[in-house]
Amino acid sequence: MSSSSSMVRVLTHPLVRHKLAFLRQRDTPIAVFRASVRELSLLLAYETLEDLPLMHAKVLLPDGTQAAVERMDEAQICFVPILRAGCGLLDGMLDLVPSASVGHVGMQRDHVTLEAEEYYFKVPDHIHQKCCIVLDPMLATGNSADAAITRLKQAGAKNIIFACLIAAPEGVALLQKIHPDVRIITCSLDEKLNEKGYIVPGLGDAGDRFFGTN
Ligand code: URA
């Protein structure tokens, strides 16, 4: 399903390419845009959780005998959307892991300096014991992702993965430099950033398109 280097994984599955095309298309209706984001977040969750350790358990089979099974400890997972666009990825992730906890990091970017400023932070207790999946559809300059990950680490998080729909090489380079321990999973690695900090070719403003605010 994917091509990978050690810490950056770019999904290459035809379904991912196909769904991304709906997002990139300018006149995709909002309902189709949202449905495509949700479907992509399912595929992204599948890949993101690939290395999660499993617990051994036993189940009773219909014939009354016991069988050894493996289960995921859903409580070990904490999804952390970066507000507000990251919320678009959350529903699909929770479809697959409904008992995961959810933290929120509010970051807004200054449109002149492109620096990230935190305005909200709330994560579950015992964050140091959880696998934190930070969600943001676009990894552009990397400033918001860096600020969110740095803040999570300050709160005690040790195991962090960053999941996005589209990444720019600039954002990937920044995260790899500052947070070499954080794996990046993306549906696409695009060409570059433009002078306004938008990803090229990208899909425009992910939050505006998802929430219908442009
Ligand atoms: N945020 C977006 O929504 N789109 C971009 O291209 C970059 C940052």
# chains A, B, ... in the order shown; residues from 1 in each chain; ligands from 1

$ residues_near_ligand --ligand "ligand 1" --cutoff "10 Å" --atoms "only C-alpha atoms and all ligand atoms" --output "mmCIF file with N, CA, C and O atoms, in the first residue's frame"
data_model
loop_
_atom_site.group_PDB
_atom_site.id
_atom_site.type_symbol
_atom_site.label_atom_id
_atom_site.label_comp_id
_atom_site.auth_asym_id
_atom_site.auth_seq_id
_atom_site.Cartn_x
_atom_site.Cartn_y
_atom_site.Cartn_z
ATOM 1 N N ARG A 84 -7.958 24.124 13.185
ATOM 2 C CA ARG A 84 -9.192 23.413 13.117
ATOM 3 C C ARG A 84 -9.198 22.342 12.033
ATOM 4 O O ARG A 84 -9.980 21.390 12.089
ATOM 5 N N ALA A 85 -8.299 22.470 11.016
ATOM 6 C CA ALA A 85 -8.398 21.574 9.858
ATOM 7 C C ALA A 85 -8.186 20.108 10.235
ATOM 8 O O ALA A 85 -8.742 19.210 9.607
ATOM 9 N N GLY A 86 -7.392 19.857 11.284
ATOM 10 C CA GLY A 86 -7.115 18.482 11.686
ATOM 11 C C GLY A 86 -8.368 17.729 12.089
ATOM 12 O O GLY A 86 -8.415 16.490 12.014
ATOM 13 N N ARG A 109 -1.938 30.137 12.278
ATOM 14 C CA ARG A 109 -0.696 30.648 11.736
ATOM 15 C C ARG A 109 -0.830 32.109 11.374
ATOM 16 O O ARG A 109 -1.839 32.539 10.826
ATOM 17 N N LEU A 114 4.000 33.429 9.017
ATOM 18 C CA LEU A 114 3.753 31.987 8.859
ATOM 19 C C LEU A 114 4.141 31.188 10.108
ATOM 20 O O LEU A 114 4.201 29.970 10.085
ATOM 21 N N ASP A 136 -3.210 16.613 10.898
ATOM 22 C CA ASP A 136 -3.373 17.888 10.193
ATOM 23 C C ASP A 136 -3.373 17.540 8.711
ATOM 24 O O ASP A 136 -2.460 16.842 8.270
ATOM 25 N N PRO A 137 -4.377 17.993 7.952
ATOM 26 C CA PRO A 137 -4.395 17.565 6.550
ATOM 27 C C PRO A 137 -3.178 18.028 5.751
ATOM 28 O O PRO A 137 -2.745 17.340 4.836
ATOM 29 N N MET A 138 -2.635 19.213 6.118
ATOM 30 C CA MET A 138 -1.566 19.783 5.305
ATOM 31 C C MET A 138 -0.304 19.993 6.149
ATOM 32 O O MET A 138 -0.332 20.733 7.138
ATOM 33 N N LEU A 139 0.787 19.383 5.742
ATOM 34 C CA LEU A 139 2.092 19.670 6.365
ATOM 35 C C LEU A 139 2.798 20.635 5.422
ATOM 36 O O LEU A 139 3.401 20.217 4.437
ATOM 37 N N ALA A 140 2.655 21.926 5.693
ATOM 38 C CA ALA A 140 3.156 22.947 4.768
ATOM 39 C C ALA A 140 4.538 23.429 5.209
ATOM 40 O O ALA A 140 5.549 22.777 4.931
ATOM 41 N N THR A 141 4.613 24.551 5.934
ATOM 42 C CA THR A 141 5.927 25.004 6.428
ATOM 43 C C THR A 141 6.447 24.062 7.507
ATOM 44 O O THR A 141 7.647 23.975 7.747
ATOM 45 N N GLY A 142 5.512 23.404 8.190
ATOM 46 C CA GLY A 142 5.889 22.533 9.325
ATOM 47 C C GLY A 142 5.847 23.269 10.653
ATOM 48 O O GLY A 142 6.003 22.649 11.706
ATOM 49 N N SER A 144 3.316 24.716 12.384
ATOM 50 C CA SER A 144 2.238 24.289 13.293
ATOM 51 C C SER A 144 2.511 22.883 13.815
ATOM 52 O O SER A 144 2.306 22.607 15.003
ATOM 53 N N ILE A 166 -1.497 15.784 2.698
ATOM 54 C CA ILE A 166 -0.513 16.287 1.736
ATOM 55 C C ILE A 166 0.628 16.953 2.498
ATOM 56 O O ILE A 166 0.394 17.745 3.413
ATOM 57 N N ALA A 167 1.847 16.612 2.125
ATOM 58 C CA ALA A 167 3.026 17.216 2.756
ATOM 59 C C ALA A 167 3.855 17.947 1.703
ATOM 60 O O ALA A 167 3.901 17.537 0.537
ATOM 61 N N ALA A 168 4.488 19.029 2.126
ATOM 62 C CA ALA A 168 5.463 19.725 1.279
ATOM 63 C C ALA A 168 6.855 19.297 1.740
ATOM 64 O O ALA A 168 7.063 19.049 2.940
ATOM 65 N N GLY A 171 8.108 21.171 4.829
ATOM 66 C CA GLY A 171 7.549 20.770 6.124
ATOM 67 C C GLY A 171 8.143 19.463 6.614
ATOM 68 O O GLY A 171 8.447 19.307 7.807
ATOM 69 N N ASP A 190 3.938 16.548 -2.080
ATOM 70 C CA ASP A 190 3.801 17.445 -3.226
ATOM 71 C C ASP A 190 5.123 18.132 -3.543
ATOM 72 O O ASP A 190 6.166 17.836 -2.949
ATOM 73 N N LYS A 192 6.194 21.649 -3.670
ATOM 74 C CA LYS A 192 6.847 22.766 -2.958
ATOM 75 C C LYS A 192 5.809 23.640 -2.274
ATOM 76 O O LYS A 192 4.601 23.405 -2.407
ATOM 77 N N LEU A 193 6.282 24.671 -1.597
ATOM 78 C CA LEU A 193 5.409 25.717 -1.052
ATOM 79 C C LEU A 193 5.454 26.917 -1.977
ATOM 80 O O LEU A 193 6.501 27.207 -2.576
ATOM 81 N N ASN A 194 4.345 27.655 -2.046
ATOM 82 C CA ASN A 194 4.418 28.928 -2.768
ATOM 83 C C ASN A 194 4.800 30.047 -1.793
ATOM 84 O O ASN A 194 5.026 29.796 -0.601
ATOM 85 N N LYS A 196 3.135 32.213 -0.364
ATOM 86 C CA LYS A 196 2.196 32.425 0.747
ATOM 87 C C LYS A 196 2.180 31.247 1.709
ATOM 88 O O LYS A 196 1.357 31.192 2.628
ATOM 89 N N GLY A 197 3.033 30.286 1.487
ATOM 90 C CA GLY A 197 3.094 29.132 2.386
ATOM 91 C C GLY A 197 2.060 28.064 2.074
ATOM 92 O O GLY A 197 1.829 27.165 2.880
ATOM 93 N N TYR A 198 1.452 28.139 0.895
ATOM 94 C CA TYR A 198 0.502 27.096 0.481
ATOM 95 C C TYR A 198 1.239 26.030 -0.328
ATOM 96 O O TYR A 198 2.213 26.311 -1.028
ATOM 97 N N ILE A 199 0.712 24.812 -0.217
ATOM 98 C CA ILE A 199 1.369 23.698 -0.898
ATOM 99 C C ILE A 199 0.979 23.696 -2.374
ATOM 100 O O ILE A 199 -0.182 23.896 -2.722
ATOM 101 N N VAL A 200 1.978 23.442 -3.227
ATOM 102 C CA VAL A 200 1.788 23.361 -4.683
ATOM 103 C C VAL A 200 2.095 21.929 -5.129
ATOM 104 O O VAL A 200 3.164 21.410 -4.796
ATOM 105 N N PRO A 201 1.176 21.215 -5.827
ATOM 106 C CA PRO A 201 -0.127 21.726 -6.255
ATOM 107 C C PRO A 201 -1.155 21.816 -5.131
ATOM 108 O O PRO A 201 -2.054 22.634 -5.202
ATOM 109 N N GLY A 202 -1.085 20.961 -4.122
ATOM 110 C CA GLY A 202 -1.956 21.084 -2.949
ATOM 111 C C GLY A 202 -3.439 20.955 -3.267
ATOM 112 O O GLY A 202 -3.837 20.312 -4.251
ATOM 113 N N LEU A 203 -4.243 21.588 -2.434
ATOM 114 C CA LEU A 203 -5.695 21.562 -2.639
ATOM 115 C C LEU A 203 -6.347 22.860 -2.177
ATOM 116 O O LEU A 203 -7.556 22.918 -1.999
ATOM 117 N N GLY A 204 -5.528 23.884 -1.968
ATOM 118 C CA GLY A 204 -6.061 25.147 -1.442
ATOM 119 C C GLY A 204 -6.069 25.115 0.072
ATOM 120 O O GLY A 204 -5.249 24.417 0.693
ATOM 121 N N ASP A 205 -6.992 25.846 0.683
ATOM 122 C CA ASP A 205 -7.071 25.889 2.153
ATOM 123 C C ASP A 205 -7.967 24.737 2.632
ATOM 124 O O ASP A 205 -9.188 24.743 2.426
ATOM 125 N N ALA A 206 -7.338 23.761 3.262
ATOM 126 C CA ALA A 206 -8.062 22.540 3.639
ATOM 127 C C ALA A 206 -9.194 22.848 4.620
ATOM 128 O O ALA A 206 -10.303 22.320 4.480
ATOM 129 N N GLY A 207 -8.942 23.716 5.601
ATOM 130 C CA GLY A 207 -9.966 24.039 6.592
ATOM 131 C C GLY A 207 -11.151 24.748 5.945
ATOM 132 O O GLY A 207 -12.311 24.400 6.189
ATOM 133 N N ASP A 208 -10.878 25.720 5.108
ATOM 134 C CA ASP A 208 -11.960 26.442 4.431
ATOM 135 C C ASP A 208 -12.781 25.505 3.554
ATOM 136 O O ASP A 208 -14.010 25.589 3.521
ATOM 137 N N ARG A 209 -12.111 24.628 2.845
ATOM 138 C CA ARG A 209 -12.842 23.737 1.947
ATOM 139 C C ARG A 209 -13.643 22.712 2.736
ATOM 140 O O ARG A 209 -14.767 22.363 2.368
ATOM 141 N N PHE A 210 -13.105 22.227 3.854
ATOM 142 C CA PHE A 210 -13.815 21.218 4.639
ATOM 143 C C PHE A 210 -15.000 21.825 5.376
ATOM 144 O O PHE A 210 -16.068 21.227 5.499
#

$ closest_atom_pairs --of "range 95-162 of chain A" --to "range 67-76 of chain A" --cutoff "9 Å" --atoms "only C-alpha atoms" --output "Markdown table"
| residue | atom | partner | partner_atom | distance |
| --- | --- | --- | --- | --- |
| A:Val97 | CA | A:Glu74 | CA | 6.3 |
| A:Pro98 | CA | A:Glu74 | CA | 7.7 |
| A:Ser99 | CA | A:Glu74 | CA | 5.5 |
| A:Ala100 | CA | A:Ala75 | CA | 5.1 |
| A:Ser101 | CA | A:Ala75 | CA | 6.6 |
| A:Gln129 | CA | A:Gln76 | CA | 7.0 |
| A:Lys130 | CA | A:Gln76 | CA | 4.7 |
| A:Cys131 | CA | A:Gln76 | CA | 6.1 |
| A:Cys132 | CA | A:Gln76 | CA | 8.6 |

$ write_last_selection --atoms "all heavy atoms" --output "mmCIF file, in the first residue's frame"
data_model
loop_
_atom_site.group_PDB
_atom_site.id
_atom_site.type_symbol
_atom_site.label_atom_id
_atom_site.label_comp_id
_atom_site.auth_asym_id
_atom_site.auth_seq_id
_atom_site.Cartn_x
_atom_site.Cartn_y
_atom_site.Cartn_z
ATOM 1 N N VAL A 97 -10.970 3.299 15.248
ATOM 2 C CA VAL A 97 -10.517 3.110 16.638
ATOM 3 C C VAL A 97 -11.462 3.888 17.557
ATOM 4 O O VAL A 97 -11.104 4.939 18.103
ATOM 5 C CB VAL A 97 -9.059 3.605 16.818
ATOM 6 C CG1 VAL A 97 -8.499 3.080 18.145
ATOM 7 C CG2 VAL A 97 -8.165 3.175 15.670
ATOM 8 N N PRO A 98 -12.689 3.380 17.749
ATOM 9 C CA PRO A 98 -13.705 4.183 18.434
ATOM 10 C C PRO A 98 -13.441 4.448 19.901
ATOM 11 O O PRO A 98 -14.036 5.361 20.483
ATOM 12 C CB PRO A 98 -14.989 3.357 18.249
ATOM 13 C CG PRO A 98 -14.554 2.004 17.853
ATOM 14 C CD PRO A 98 -13.215 2.115 17.212
ATOM 15 N N SER A 99 -12.554 3.662 20.530
ATOM 16 C CA SER A 99 -12.290 3.896 21.962
ATOM 17 C C SER A 99 -11.012 4.691 22.207
ATOM 18 O O SER A 99 -10.568 4.813 23.352
ATOM 19 C CB SER A 99 -12.203 2.559 22.707
ATOM 20 O OG SER A 99 -13.422 1.875 22.601
ATOM 21 N N ALA A 100 -10.428 5.220 21.164
ATOM 22 C CA ALA A 100 -9.228 6.052 21.346
ATOM 23 C C ALA A 100 -9.604 7.329 22.076
ATOM 24 O O ALA A 100 -10.746 7.783 22.011
ATOM 25 C CB ALA A 100 -8.629 6.392 19.986
ATOM 26 N N SER A 101 -8.645 7.917 22.785
ATOM 27 C CA SER A 101 -8.904 9.236 23.358
ATOM 28 C C SER A 101 -8.496 10.307 22.339
ATOM 29 O O SER A 101 -7.822 10.022 21.345
ATOM 30 C CB SER A 101 -8.177 9.406 24.692
ATOM 31 O OG SER A 101 -6.823 9.123 24.528
ATOM 32 N N GLN A 129 1.938 7.595 28.330
ATOM 33 C CA GLN A 129 1.753 6.162 28.079
ATOM 34 C C GLN A 129 1.079 5.891 26.742
ATOM 35 O O GLN A 129 0.883 4.745 26.363
ATOM 36 C CB GLN A 129 0.892 5.543 29.187
ATOM 37 C CG GLN A 129 1.567 5.561 30.542
ATOM 38 C CD GLN A 129 0.609 5.162 31.648
ATOM 39 O OE1 GLN A 129 -0.600 5.134 31.467
ATOM 40 N NE2 GLN A 129 1.174 4.865 32.808
ATOM 41 N N LYS A 130 0.703 6.934 26.033
ATOM 42 C CA LYS A 130 -0.111 6.741 24.826
ATOM 43 C C LYS A 130 0.695 6.929 23.548
ATOM 44 O O LYS A 130 1.726 7.596 23.549
ATOM 45 C CB LYS A 130 -1.284 7.723 24.838
ATOM 46 C CG LYS A 130 -2.240 7.470 26.008
ATOM 47 C CD LYS A 130 -3.433 8.382 25.929
ATOM 48 C CE LYS A 130 -4.319 8.242 27.163
ATOM 49 N NZ LYS A 130 -5.084 7.001 27.201
ATOM 50 N N CYS A 131 0.164 6.348 22.491
ATOM 51 C CA CYS A 131 0.709 6.621 21.162
ATOM 52 C C CYS A 131 -0.112 7.771 20.592
ATOM 53 O O CYS A 131 -1.318 7.629 20.372
ATOM 54 C CB CYS A 131 0.584 5.374 20.287
ATOM 55 S SG CYS A 131 1.042 5.702 18.587
ATOM 56 N N CYS A 132 0.519 8.925 20.404
ATOM 57 C CA CYS A 132 -0.197 10.123 19.947
ATOM 58 C C CYS A 132 -0.109 10.230 18.426
ATOM 59 O O CYS A 132 0.997 10.269 17.866
ATOM 60 C CB CYS A 132 0.417 11.385 20.556
ATOM 61 S SG CYS A 132 0.281 11.420 22.347
#

$ select_by_dssp --residues "range 112-174 of chain A" --states "helix (DSSP H, G or I)" --output "ChimeraX atom specification"
/A:127-129,143-154,169-174

$ closest_residue --among "A:Leu52, A:Cys164, A:Leu43, A:Ala116" --to "Cys87 in chain A" --atoms "only C-alpha atoms"
A:Cys164

$ select_by_dssp --residues "range 13-211 of chain A" --states "strand (DSSP E or B)" --output "VMD selection string"
chain A and resid 54 to 60 66 to 72 77 to 83 101 to 102 104 to 109 116 to 122 131 to 135 138 to 139 159 to 167 183 to 189 192 to 193 199 to 200

$ atom_distance --atom1 "CA of Ile160 in chain A" --atom2 "CA of Val182 in chain A"
5.6 Å

$ atom_distance --atom1 "CA of Arg183 in chain A" --atom2 "CA of Asp51 in chain A"
11.1 Å

$ closest_residue --among "A:Tyr46, A:Gly103, A:Leu83, A:Val32" --to "Glu117 in chain A" --atoms "only C-alpha atoms"
A:Leu83

$ decode --residues "range 11-23 of chain A" --atoms "all heavy atoms" --output "PDB file, in the first residue's frame"
ATOM      1  N   LEU A  11       1.909   7.227   0.956  1.00  0.00           N
ATOM      2  CA  LEU A  11       1.025   6.172   0.474  1.00  0.00           C
ATOM      3  C   LEU A  11       0.902   6.247  -1.048  1.00  0.00           C
ATOM      4  O   LEU A  11       0.773   7.337  -1.608  1.00  0.00           O
ATOM      5  CB  LEU A  11      -0.361   6.300   1.114  1.00  0.00           C
ATOM      6  CG  LEU A  11      -0.397   6.416   2.637  1.00  0.00           C
ATOM      7  CD1 LEU A  11      -1.823   6.207   3.145  1.00  0.00           C
ATOM      8  CD2 LEU A  11       0.524   5.411   3.295  1.00  0.00           C
ATOM      9  N   THR A  12       0.949   5.083  -1.679  1.00  0.00           N
ATOM     10  CA  THR A  12       0.945   5.069  -3.149  1.00  0.00           C
ATOM     11  C   THR A  12      -0.242   4.298  -3.719  1.00  0.00           C
ATOM     12  O   THR A  12      -0.349   4.132  -4.917  1.00  0.00           O
ATOM     13  CB  THR A  12       2.243   4.414  -3.678  1.00  0.00           C
ATOM     14  OG1 THR A  12       2.323   3.097  -3.118  1.00  0.00           O
ATOM     15  CG2 THR A  12       3.462   5.206  -3.297  1.00  0.00           C
ATOM     16  N   HIS A  13      -1.126   3.832  -2.856  1.00  0.00           N
ATOM     17  CA  HIS A  13      -2.235   2.998  -3.314  1.00  0.00           C
ATOM     18  C   HIS A  13      -3.118   3.770  -4.307  1.00  0.00           C
ATOM     19  O   HIS A  13      -3.377   4.963  -4.109  1.00  0.00           O
ATOM     20  CB  HIS A  13      -3.063   2.575  -2.103  1.00  0.00           C
ATOM     21  CG  HIS A  13      -3.989   1.445  -2.395  1.00  0.00           C
ATOM     22  ND1 HIS A  13      -5.146   1.607  -3.114  1.00  0.00           N
ATOM     23  CD2 HIS A  13      -3.921   0.129  -2.076  1.00  0.00           C
ATOM     24  CE1 HIS A  13      -5.763   0.437  -3.211  1.00  0.00           C
ATOM     25  NE2 HIS A  13      -5.036  -0.476  -2.593  1.00  0.00           N
ATOM     26  N   PRO A  14      -3.594   3.105  -5.370  1.00  0.00           N
ATOM     27  CA  PRO A  14      -4.452   3.795  -6.350  1.00  0.00           C
ATOM     28  C   PRO A  14      -5.678   4.437  -5.726  1.00  0.00           C
ATOM     29  O   PRO A  14      -6.124   5.510  -6.172  1.00  0.00           O
ATOM     30  CB  PRO A  14      -4.871   2.664  -7.315  1.00  0.00           C
ATOM     31  CG  PRO A  14      -3.835   1.609  -7.161  1.00  0.00           C
ATOM     32  CD  PRO A  14      -3.293   1.705  -5.761  1.00  0.00           C
ATOM     33  N   LEU A  15      -6.248   3.822  -4.684  1.00  0.00           N
ATOM     34  CA  LEU A  15      -7.414   4.428  -4.037  1.00  0.00           C
ATOM     35  C   LEU A  15      -7.062   5.783  -3.432  1.00  0.00           C
ATOM     36  O   LEU A  15      -7.859   6.722  -3.459  1.00  0.00           O
ATOM     37  CB  LEU A  15      -7.915   3.512  -2.911  1.00  0.00           C
ATOM     38  CG  LEU A  15      -9.021   2.528  -3.230  1.00  0.00           C
ATOM     39  CD1 LEU A  15      -9.287   1.643  -2.011  1.00  0.00           C
ATOM     40  CD2 LEU A  15     -10.296   3.258  -3.649  1.00  0.00           C
ATOM     41  N   VAL A  16      -5.864   5.864  -2.866  1.00  0.00           N
ATOM     42  CA  VAL A  16      -5.413   7.126  -2.264  1.00  0.00           C
ATOM     43  C   VAL A  16      -5.266   8.190  -3.349  1.00  0.00           C
ATOM     44  O   VAL A  16      -5.750   9.324  -3.214  1.00  0.00           O
ATOM     45  CB  VAL A  16      -4.084   6.917  -1.503  1.00  0.00           C
ATOM     46  CG1 VAL A  16      -3.494   8.244  -1.067  1.00  0.00           C
ATOM     47  CG2 VAL A  16      -4.305   6.003  -0.303  1.00  0.00           C
ATOM     48  N   ARG A  17      -4.626   7.819  -4.443  1.00  0.00           N
ATOM     49  CA  ARG A  17      -4.448   8.759  -5.569  1.00  0.00           C
ATOM     50  C   ARG A  17      -5.810   9.239  -6.080  1.00  0.00           C
ATOM     51  O   ARG A  17      -6.026  10.398  -6.382  1.00  0.00           O
ATOM     52  CB  ARG A  17      -3.728   8.059  -6.737  1.00  0.00           C
ATOM     53  CG  ARG A  17      -2.339   7.609  -6.434  1.00  0.00           C
ATOM     54  CD  ARG A  17      -1.358   8.696  -6.839  1.00  0.00           C
ATOM     55  NE  ARG A  17      -0.124   8.553  -6.122  1.00  0.00           N
ATOM     56  CZ  ARG A  17       0.082   9.004  -4.891  1.00  0.00           C
ATOM     57  NH1 ARG A  17      -0.857   9.628  -4.229  1.00  0.00           N
ATOM     58  NH2 ARG A  17       1.240   8.838  -4.306  1.00  0.00           N
ATOM     59  N   HIS A  18      -6.730   8.268  -6.218  1.00  0.00           N
ATOM     60  CA  HIS A  18      -8.058   8.547  -6.758  1.00  0.00           C
ATOM     61  C   HIS A  18      -8.824   9.520  -5.852  1.00  0.00           C
ATOM     62  O   HIS A  18      -9.402  10.509  -6.323  1.00  0.00           O
ATOM     63  CB  HIS A  18      -8.801   7.209  -6.886  1.00  0.00           C
ATOM     64  CG  HIS A  18     -10.208   7.317  -7.368  1.00  0.00           C
ATOM     65  ND1 HIS A  18     -10.530   7.817  -8.617  1.00  0.00           N
ATOM     66  CD2 HIS A  18     -11.385   6.993  -6.776  1.00  0.00           C
ATOM     67  CE1 HIS A  18     -11.849   7.798  -8.764  1.00  0.00           C
ATOM     68  NE2 HIS A  18     -12.391   7.306  -7.656  1.00  0.00           N
ATOM     69  N   LYS A  19      -8.813   9.246  -4.561  1.00  0.00           N
ATOM     70  CA  LYS A  19      -9.554  10.109  -3.624  1.00  0.00           C
ATOM     71  C   LYS A  19      -8.920  11.495  -3.536  1.00  0.00           C
ATOM     72  O   LYS A  19      -9.609  12.507  -3.381  1.00  0.00           O
ATOM     73  CB  LYS A  19      -9.596   9.484  -2.222  1.00  0.00           C
ATOM     74  CG  LYS A  19     -10.209   8.108  -2.168  1.00  0.00           C
ATOM     75  CD  LYS A  19     -11.702   8.176  -2.343  1.00  0.00           C
ATOM     76  CE  LYS A  19     -12.299   6.786  -2.383  1.00  0.00           C
ATOM     77  NZ  LYS A  19     -13.717   6.803  -2.779  1.00  0.00           N
ATOM     78  N   LEU A  20      -7.591  11.541  -3.616  1.00  0.00           N
ATOM     79  CA  LEU A  20      -6.902  12.837  -3.568  1.00  0.00           C
ATOM     80  C   LEU A  20      -7.301  13.726  -4.742  1.00  0.00           C
ATOM     81  O   LEU A  20      -7.358  14.953  -4.612  1.00  0.00           O
ATOM     82  CB  LEU A  20      -5.380  12.627  -3.606  1.00  0.00           C
ATOM     83  CG  LEU A  20      -4.646  12.493  -2.281  1.00  0.00           C
ATOM     84  CD1 LEU A  20      -3.169  12.249  -2.549  1.00  0.00           C
ATOM     85  CD2 LEU A  20      -4.818  13.728  -1.400  1.00  0.00           C
ATOM     86  N   ALA A  21      -7.568  13.085  -5.889  1.00  0.00           N
ATOM     87  CA  ALA A  21      -7.938  13.873  -7.070  1.00  0.00           C
ATOM     88  C   ALA A  21      -9.219  14.671  -6.802  1.00  0.00           C
ATOM     89  O   ALA A  21      -9.351  15.814  -7.251  1.00  0.00           O
ATOM     90  CB  ALA A  21      -8.121  12.954  -8.281  1.00  0.00           C
ATOM     91  N   PHE A  22     -10.171  14.089  -6.063  1.00  0.00           N
ATOM     92  CA  PHE A  22     -11.401  14.823  -5.721  1.00  0.00           C
ATOM     93  C   PHE A  22     -11.067  16.042  -4.860  1.00  0.00           C
ATOM     94  O   PHE A  22     -11.676  17.099  -4.988  1.00  0.00           O
ATOM     95  CB  PHE A  22     -12.375  13.927  -4.948  1.00  0.00           C
ATOM     96  CG  PHE A  22     -12.990  12.838  -5.781  1.00  0.00           C
ATOM     97  CD1 PHE A  22     -12.627  11.511  -5.591  1.00  0.00           C
ATOM     98  CD2 PHE A  22     -13.931  13.132  -6.751  1.00  0.00           C
ATOM     99  CE1 PHE A  22     -13.200  10.506  -6.349  1.00  0.00           C
ATOM    100  CE2 PHE A  22     -14.508  12.133  -7.521  1.00  0.00           C
ATOM    101  CZ  PHE A  22     -14.133  10.814  -7.323  1.00  0.00           C
ATOM    102  N   LEU A  23     -10.102  15.870  -3.954  1.00  0.00           N
ATOM    103  CA  LEU A  23      -9.748  16.986  -3.066  1.00  0.00           C
ATOM    104  C   LEU A  23      -9.056  18.105  -3.825  1.00  0.00           C
ATOM    105  O   LEU A  23      -9.249  19.291  -3.539  1.00  0.00           O
ATOM    106  CB  LEU A  23      -8.832  16.504  -1.937  1.00  0.00           C
ATOM    107  CG  LEU A  23      -9.369  15.425  -0.999  1.00  0.00           C
ATOM    108  CD1 LEU A  23      -8.424  15.237   0.182  1.00  0.00           C
ATOM    109  CD2 LEU A  23     -10.751  15.775  -0.492  1.00  0.00           C
TER     110      LEU A  23
END
